[in-house]
$ cat final.cif   # mmCIF, C-alpha atoms; chains and numbers go by the auth columns
data_entry
#
loop_
_atom_site.group_PDB
_atom_site.id
_atom_site.type_symbol
_atom_site.label_atom_id
_atom_site.label_comp_id
_atom_site.label_asym_id
_atom_site.label_seq_id
_atom_site.Cartn_x
_atom_site.Cartn_y
_atom_site.Cartn_z
_atom_site.B_iso_or_equiv
_atom_site.auth_seq_id
_atom_site.auth_asym_id
ATOM 1 C CA MET A 1 110.727 28.958 125.140 0.00 223 A
ATOM 2 C CA VAL A 2 111.280 27.148 121.832 0.00 224 A
ATOM 3 C CA ASP A 3 112.306 29.068 118.729 0.00 225 A
ATOM 4 C CA ASP A 4 109.932 28.290 115.835 0.00 226 A
ATOM 5 C CA ALA A 5 112.739 28.564 113.286 0.00 227 A
ATOM 6 C CA SER A 6 114.838 25.961 115.095 0.00 228 A
ATOM 7 C CA THR A 7 112.033 23.410 115.048 0.00 229 A
ATOM 8 C CA GLU A 8 111.861 23.596 111.230 0.00 230 A
ATOM 9 C CA ARG A 9 115.576 22.955 110.703 0.00 231 A
ATOM 10 C CA ASN A 10 116.822 19.564 109.672 0.00 232 A
ATOM 11 C CA PRO A 11 118.888 18.281 112.628 0.00 233 A
ATOM 12 C CA HIS A 12 121.253 16.471 110.246 0.00 234 A
ATOM 13 C CA MET A 13 122.254 19.643 108.382 0.00 235 A
ATOM 14 C CA ASN A 14 124.408 22.461 109.675 0.00 236 A
ATOM 15 C CA ARG A 15 123.166 26.037 109.421 0.00 237 A
ATOM 16 C CA ARG A 16 125.254 26.820 106.367 0.00 238 A
ATOM 17 C CA SER A 17 123.868 23.845 104.433 0.00 239 A
ATOM 18 C CA GLN A 18 120.342 24.769 105.519 0.00 240 A
ATOM 19 C CA LYS A 19 120.850 28.356 104.281 0.00 241 A
ATOM 20 C CA GLN A 20 122.221 27.114 100.958 0.00 242 A
ATOM 21 C CA LEU A 21 119.196 24.864 100.548 0.00 243 A
ATOM 22 C CA THR A 22 116.874 27.785 101.297 0.00 244 A
ATOM 23 C CA ASP A 23 118.718 29.993 98.786 0.00 245 A
ATOM 24 C CA ILE A 24 118.375 27.320 96.115 0.00 246 A
ATOM 25 C CA GLN A 25 114.656 26.922 96.804 0.00 247 A
ATOM 26 C CA LEU A 26 114.126 30.684 96.446 0.00 248 A
ATOM 27 C CA GLN A 27 115.896 30.975 93.087 0.00 249 A
ATOM 28 C CA ARG A 28 113.710 31.187 90.026 0.00 250 A
ATOM 29 C CA VAL A 29 114.190 28.898 87.093 0.00 251 A
ATOM 30 C CA PRO A 30 116.201 30.802 84.457 0.00 252 A
ATOM 31 C CA GLY A 31 113.977 31.738 81.560 0.00 253 A
ATOM 32 C CA ALA A 32 110.680 30.826 83.238 0.00 254 A
ATOM 33 C CA ILE A 33 108.159 33.664 83.352 0.00 255 A
ATOM 34 C CA VAL A 34 105.461 33.474 86.023 0.00 256 A
ATOM 35 C CA PRO A 35 102.297 35.432 85.093 0.00 257 A
ATOM 36 C CA ASP A 36 101.644 36.868 88.559 0.00 258 A
ATOM 37 C CA ALA A 37 105.262 37.859 89.262 0.00 259 A
ATOM 38 C CA ILE A 38 106.872 41.285 88.961 0.00 260 A
ATOM 39 C CA TYR A 39 110.287 41.384 87.280 0.00 261 A
ATOM 40 C CA ARG A 40 113.005 44.025 87.483 0.00 262 A
ATOM 41 C CA LEU A 41 114.496 45.267 84.232 0.00 263 A
ATOM 42 C CA ASP A 42 117.677 43.211 84.700 0.00 264 A
ATOM 43 C CA GLU A 43 115.641 40.045 85.329 0.00 265 A
ATOM 44 C CA VAL A 44 113.599 40.526 82.163 0.00 266 A
ATOM 45 C CA LYS A 45 116.704 41.125 80.079 0.00 267 A
ATOM 46 C CA ALA A 46 118.485 38.088 81.546 0.00 268 A
ATOM 47 C CA ARG A 47 115.511 35.733 81.125 0.00 269 A
ATOM 48 C CA MET A 48 114.775 36.882 77.588 0.00 270 A
ATOM 49 C CA GLY A 49 118.418 37.180 76.506 0.00 271 A
ATOM 50 C CA TRP A 50 117.908 40.840 75.627 0.00 272 A
ATOM 51 C CA ARG A 51 120.355 43.723 75.809 0.00 273 A
ATOM 52 C CA ASP A 52 119.348 47.339 76.447 0.00 274 A
ATOM 53 C CA ALA A 53 118.490 48.077 72.810 0.00 275 A
ATOM 54 C CA ALA A 54 116.287 44.980 72.521 0.00 276 A
ATOM 55 C CA PHE A 55 114.398 45.925 75.691 0.00 277 A
ATOM 56 C CA ARG A 56 113.848 49.489 74.427 0.00 278 A
ATOM 57 C CA ALA A 57 112.634 48.103 71.093 0.00 279 A
ATOM 58 C CA ALA A 58 110.206 45.808 72.918 0.00 280 A
ATOM 59 C CA VAL A 59 108.808 48.765 74.894 0.00 281 A
ATOM 60 C CA ARG A 60 108.396 50.737 71.656 0.00 282 A
ATOM 61 C CA ALA A 61 106.641 47.709 70.153 0.00 283 A
ATOM 62 C CA GLY A 62 104.122 47.574 73.003 0.00 284 A
ATOM 63 C CA LEU A 63 105.673 45.867 76.048 0.00 285 A
ATOM 64 C CA LYS A 64 104.313 47.568 79.179 0.00 286 A
ATOM 65 C CA ALA A 65 107.025 48.707 81.596 0.00 287 A
ATOM 66 C CA HIS A 66 106.183 50.302 84.946 0.00 288 A
ATOM 67 C CA ARG A 67 108.422 52.815 86.666 0.00 289 A
ATOM 68 C CA SER A 68 108.803 53.125 90.421 0.00 290 A
ATOM 69 C CA GLY A 69 111.355 55.756 91.302 0.00 291 A
ATOM 70 C CA LYS A 70 114.372 55.048 89.124 0.00 292 A
ATOM 71 C CA ARG A 71 113.570 51.377 88.577 0.00 293 A
ATOM 72 C CA LEU A 72 111.622 49.721 85.775 0.00 294 A
ATOM 73 C CA TYR A 73 109.436 46.688 86.322 0.00 295 A
ATOM 74 C CA VAL A 74 107.506 44.390 84.002 0.00 296 A
ATOM 75 C CA LEU A 75 104.594 42.184 85.013 0.00 297 A
ATOM 76 C CA GLY A 76 105.015 38.556 84.041 0.00 298 A
ATOM 77 C CA SER A 77 101.569 38.539 82.446 0.00 299 A
ATOM 78 C CA ASP A 78 102.461 41.581 80.308 0.00 300 A
ATOM 79 C CA LEU A 79 105.677 39.910 79.136 0.00 301 A
ATOM 80 C CA ILE A 80 103.861 36.673 78.263 0.00 302 A
ATOM 81 C CA ASP A 81 101.161 38.624 76.394 0.00 303 A
ATOM 82 C CA PHE A 82 103.802 40.598 74.505 0.00 304 A
ATOM 83 C CA VAL A 83 105.713 37.499 73.419 0.00 305 A
ATOM 84 C CA THR A 84 102.710 35.353 72.532 0.00 306 A
ATOM 85 C CA LYS A 85 100.842 38.024 70.577 0.00 307 A
ATOM 86 C CA ARG A 86 103.752 39.019 68.362 0.00 308 A
ATOM 87 C CA GLU A 87 103.481 37.939 64.756 0.00 309 A
ATOM 88 C CA VAL A 88 106.493 36.333 63.163 0.00 310 A
ATOM 89 C CA ASP A 89 107.694 38.120 60.023 0.00 311 A
ATOM 90 C CA ARG A 90 108.534 35.716 57.213 0.00 312 A
#
$ encode --input "final.cif" --output "structure tokens"
Amino acid sequence: MVDDASTERNPHMNRRSQKQLTDIQLQRVPGAIVPDAIYRLDEVKARMGWRDAAFRAAVRAGLKAHRSGKRLYVLGSDLIDFVTKREVDR
């Protein structure tokens, strides 16, 4: 019987290199927000360059955050809407 996973591996790469390649492919681009993705609180803060106080201020200003248990999540579409619909004070 042939293992399906082994047929997809590159025969010229060892398993460690193959795993590193897979890990790199799964990483998101820093700062990029995908509309149909769900982001954890720490991901939102890292991508936006926010600290705790900035995130709380954004929620007070209208950013939708969803709680599941003890964790907070933000939909990518909600974050994009929040950022693009904010007026710049001059």
$ closest_residue --input "final.cif" --among "A:Gly291, A:Ala259, A:Ala254, A:Leu285" --to "Asp303 of chain A" --atoms "all atoms listed in the file"
A:Leu285
$ resolve_selection --input "final.cif" --expression "the PyMOL selection byres ((chain A and resi 286) around 12)" --output "PyMOL selection string"
chain A and resi 260-261+263+277-285+287-289+294-305
$ write_last_selection --input "final.cif" --atoms "C-alpha atoms" --output "PDB file, keeping the file's coordinate frame"
ATOM      1  CA  ILE A 260     106.872  41.285  88.961  1.00  0.00           C
ATOM      2  CA  TYR A 261     110.287  41.384  87.280  1.00  0.00           C
ATOM      3  CA  LEU A 263     114.496  45.267  84.232  1.00  0.00           C
ATOM      4  CA  PHE A 277     114.398  45.925  75.691  1.00  0.00           C
ATOM      5  CA  ARG A 278     113.848  49.489  74.427  1.00  0.00           C
ATOM      6  CA  ALA A 279     112.634  48.103  71.093  1.00  0.00           C
ATOM      7  CA  ALA A 280     110.206  45.808  72.918  1.00  0.00           C
ATOM      8  CA  VAL A 281     108.808  48.765  74.894  1.00  0.00           C
ATOM      9  CA  ARG A 282     108.396  50.737  71.656  1.00  0.00           C
ATOM     10  CA  ALA A 283     106.641  47.709  70.153  1.00  0.00           C
ATOM     11  CA  GLY A 284     104.122  47.574  73.003  1.00  0.00           C
ATOM     12  CA  LEU A 285     105.673  45.867  76.048  1.00  0.00           C
ATOM     13  CA  ALA A 287     107.025  48.707  81.596  1.00  0.00           C
ATOM     14  CA  HIS A 288     106.183  50.302  84.946  1.00  0.00           C
ATOM     15  CA  ARG A 289     108.422  52.815  86.666  1.00  0.00           C
ATOM     16  CA  LEU A 294     111.622  49.721  85.775  1.00  0.00           C
ATOM     17  CA  TYR A 295     109.436  46.688  86.322  1.00  0.00           C
ATOM     18  CA  VAL A 296     107.506  44.390  84.002  1.00  0.00           C
ATOM     19  CA  LEU A 297     104.594  42.184  85.013  1.00  0.00           C
ATOM     20  CA  GLY A 298     105.015  38.556  84.041  1.00  0.00           C
ATOM     21  CA  SER A 299     101.569  38.539  82.446  1.00  0.00           C
ATOM     22  CA  ASP A 300     102.461  41.581  80.308  1.00  0.00           C
ATOM     23  CA  LEU A 301     105.677  39.910  79.136  1.00  0.00           C
ATOM     24  CA  ILE A 302     103.861  36.673  78.263  1.00  0.00           C
ATOM     25  CA  ASP A 303     101.161  38.624  76.394  1.00  0.00           C
ATOM     26  CA  PHE A 304     103.802  40.598  74.505  1.00  0.00           C
ATOM     27  CA  VAL A 305     105.713  37.499  73.419  1.00  0.00           C
TER      28      VAL A 305
END
$ atom_distance --input "final.cif" --atom1 "atom CA of Arg269 of chain A" --atom2 "atom CA of Val256 of chain A"
11.4 Å
$ axis_aligned_box --input "final.cif" --around "segment 265-281 of chain A" --padding-each-side "5 Å" --output "AutoDock Vina command-line options"
--center_x 114.6 --center_y 42.6 --center_z 78.2 --size_x 21.5 --size_y 23.8 --size_z 24.2
$ atom_distance --input "final.cif" --atom1 "atom CA of Val266 of chain A" --atom2 "atom CA of Arg293 of chain A"
12.6 Å
$ atom_distance --input "final.cif" --atom1 "atom CA of Ala268 of chain A" --atom2 "atom CA of Ile255 of chain A"
11.4 Å
$ decode --input "final.cif" --residues "segment 246-302 of chain A" --atoms "C-alpha atoms" --output "PDB file, in the first residue's frame"
ATOM      1  CA  ILE A 246       6.529  28.867   5.263  1.00  0.00           C
ATOM      2  CA  GLN A 247       3.619  28.304   2.880  1.00  0.00           C
ATOM      3  CA  LEU A 248       1.152  28.337   5.791  1.00  0.00           C
ATOM      4  CA  GLN A 249       2.399  31.614   7.277  1.00  0.00           C
ATOM      5  CA  ARG A 250       0.353  34.695   6.556  1.00  0.00           C
ATOM      6  CA  VAL A 251       1.900  37.808   5.146  1.00  0.00           C
ATOM      7  CA  PRO A 252       2.508  40.216   8.054  1.00  0.00           C
ATOM      8  CA  GLY A 253       0.048  43.069   7.907  1.00  0.00           C
ATOM      9  CA  ALA A 254      -2.203  41.558   5.231  1.00  0.00           C
ATOM     10  CA  ILE A 255      -5.846  41.251   6.259  1.00  0.00           C
ATOM     11  CA  VAL A 256      -7.950  38.672   4.423  1.00  0.00           C
ATOM     12  CA  PRO A 257     -11.695  39.498   4.459  1.00  0.00           C
ATOM     13  CA  ASP A 258     -12.917  35.933   5.012  1.00  0.00           C
ATOM     14  CA  ALA A 259     -10.371  35.060   7.717  1.00  0.00           C
ATOM     15  CA  ILE A 260     -10.849  35.017  11.484  1.00  0.00           C
ATOM     16  CA  TYR A 261      -8.063  36.601  13.540  1.00  0.00           C
ATOM     17  CA  ARG A 262      -7.172  36.098  17.195  1.00  0.00           C
ATOM     18  CA  LEU A 263      -6.667  39.190  19.322  1.00  0.00           C
ATOM     19  CA  ASP A 264      -2.867  38.832  19.253  1.00  0.00           C
ATOM     20  CA  GLU A 265      -2.879  38.536  15.448  1.00  0.00           C
ATOM     21  CA  VAL A 266      -4.949  41.694  15.039  1.00  0.00           C
ATOM     22  CA  LYS A 267      -2.704  43.643  17.386  1.00  0.00           C
ATOM     23  CA  ALA A 268       0.464  42.411  15.654  1.00  0.00           C
ATOM     24  CA  ARG A 269      -0.802  43.110  12.123  1.00  0.00           C
ATOM     25  CA  MET A 270      -2.135  46.547  13.007  1.00  0.00           C
ATOM     26  CA  GLY A 271       0.752  47.512  15.299  1.00  0.00           C
ATOM     27  CA  TRP A 272      -1.658  48.072  18.181  1.00  0.00           C
ATOM     28  CA  ARG A 273      -1.125  47.576  21.896  1.00  0.00           C
ATOM     29  CA  ASP A 274      -3.890  46.643  24.342  1.00  0.00           C
ATOM     30  CA  ALA A 275      -5.111  50.218  24.823  1.00  0.00           C
ATOM     31  CA  ALA A 276      -5.325  50.834  21.068  1.00  0.00           C
ATOM     32  CA  PHE A 277      -7.338  47.638  20.574  1.00  0.00           C
ATOM     33  CA  ARG A 278      -9.742  48.591  23.387  1.00  0.00           C
ATOM     34  CA  ALA A 279     -10.120  52.064  21.866  1.00  0.00           C
ATOM     35  CA  ALA A 280     -10.895  50.509  18.479  1.00  0.00           C
ATOM     36  CA  VAL A 281     -13.600  48.310  20.044  1.00  0.00           C
ATOM     37  CA  ARG A 282     -15.092  51.368  21.767  1.00  0.00           C
ATOM     38  CA  ALA A 283     -14.999  53.177  18.415  1.00  0.00           C
ATOM     39  CA  GLY A 284     -16.976  50.410  16.705  1.00  0.00           C
ATOM     40  CA  LEU A 285     -14.669  47.493  15.831  1.00  0.00           C
ATOM     41  CA  LYS A 286     -16.640  44.257  16.259  1.00  0.00           C
ATOM     42  CA  ALA A 287     -14.889  41.685  18.453  1.00  0.00           C
ATOM     43  CA  HIS A 288     -16.360  38.226  19.049  1.00  0.00           C
ATOM     44  CA  ARG A 289     -15.763  36.237  22.207  1.00  0.00           C
ATOM     45  CA  SER A 290     -15.502  32.461  22.341  1.00  0.00           C
ATOM     46  CA  GLY A 291     -14.726  31.289  25.839  1.00  0.00           C
ATOM     47  CA  LYS A 292     -11.860  33.449  27.047  1.00  0.00           C
ATOM     48  CA  ARG A 293     -10.592  34.340  23.581  1.00  0.00           C
ATOM     49  CA  LEU A 294     -11.430  37.324  21.394  1.00  0.00           C
ATOM     50  CA  TYR A 295     -11.642  37.101  17.629  1.00  0.00           C
ATOM     51  CA  VAL A 296     -12.110  39.662  14.870  1.00  0.00           C
ATOM     52  CA  LEU A 297     -13.364  38.921  11.370  1.00  0.00           C
ATOM     53  CA  GLY A 298     -11.097  40.203   8.630  1.00  0.00           C
ATOM     54  CA  SER A 299     -14.043  41.874   6.915  1.00  0.00           C
ATOM     55  CA  ASP A 300     -14.974  43.710  10.137  1.00  0.00           C
ATOM     56  CA  LEU A 301     -11.397  44.950  10.554  1.00  0.00           C
ATOM     57  CA  ILE A 302     -11.227  46.151   6.939  1.00  0.00           C
TER      58      ILE A 302
END
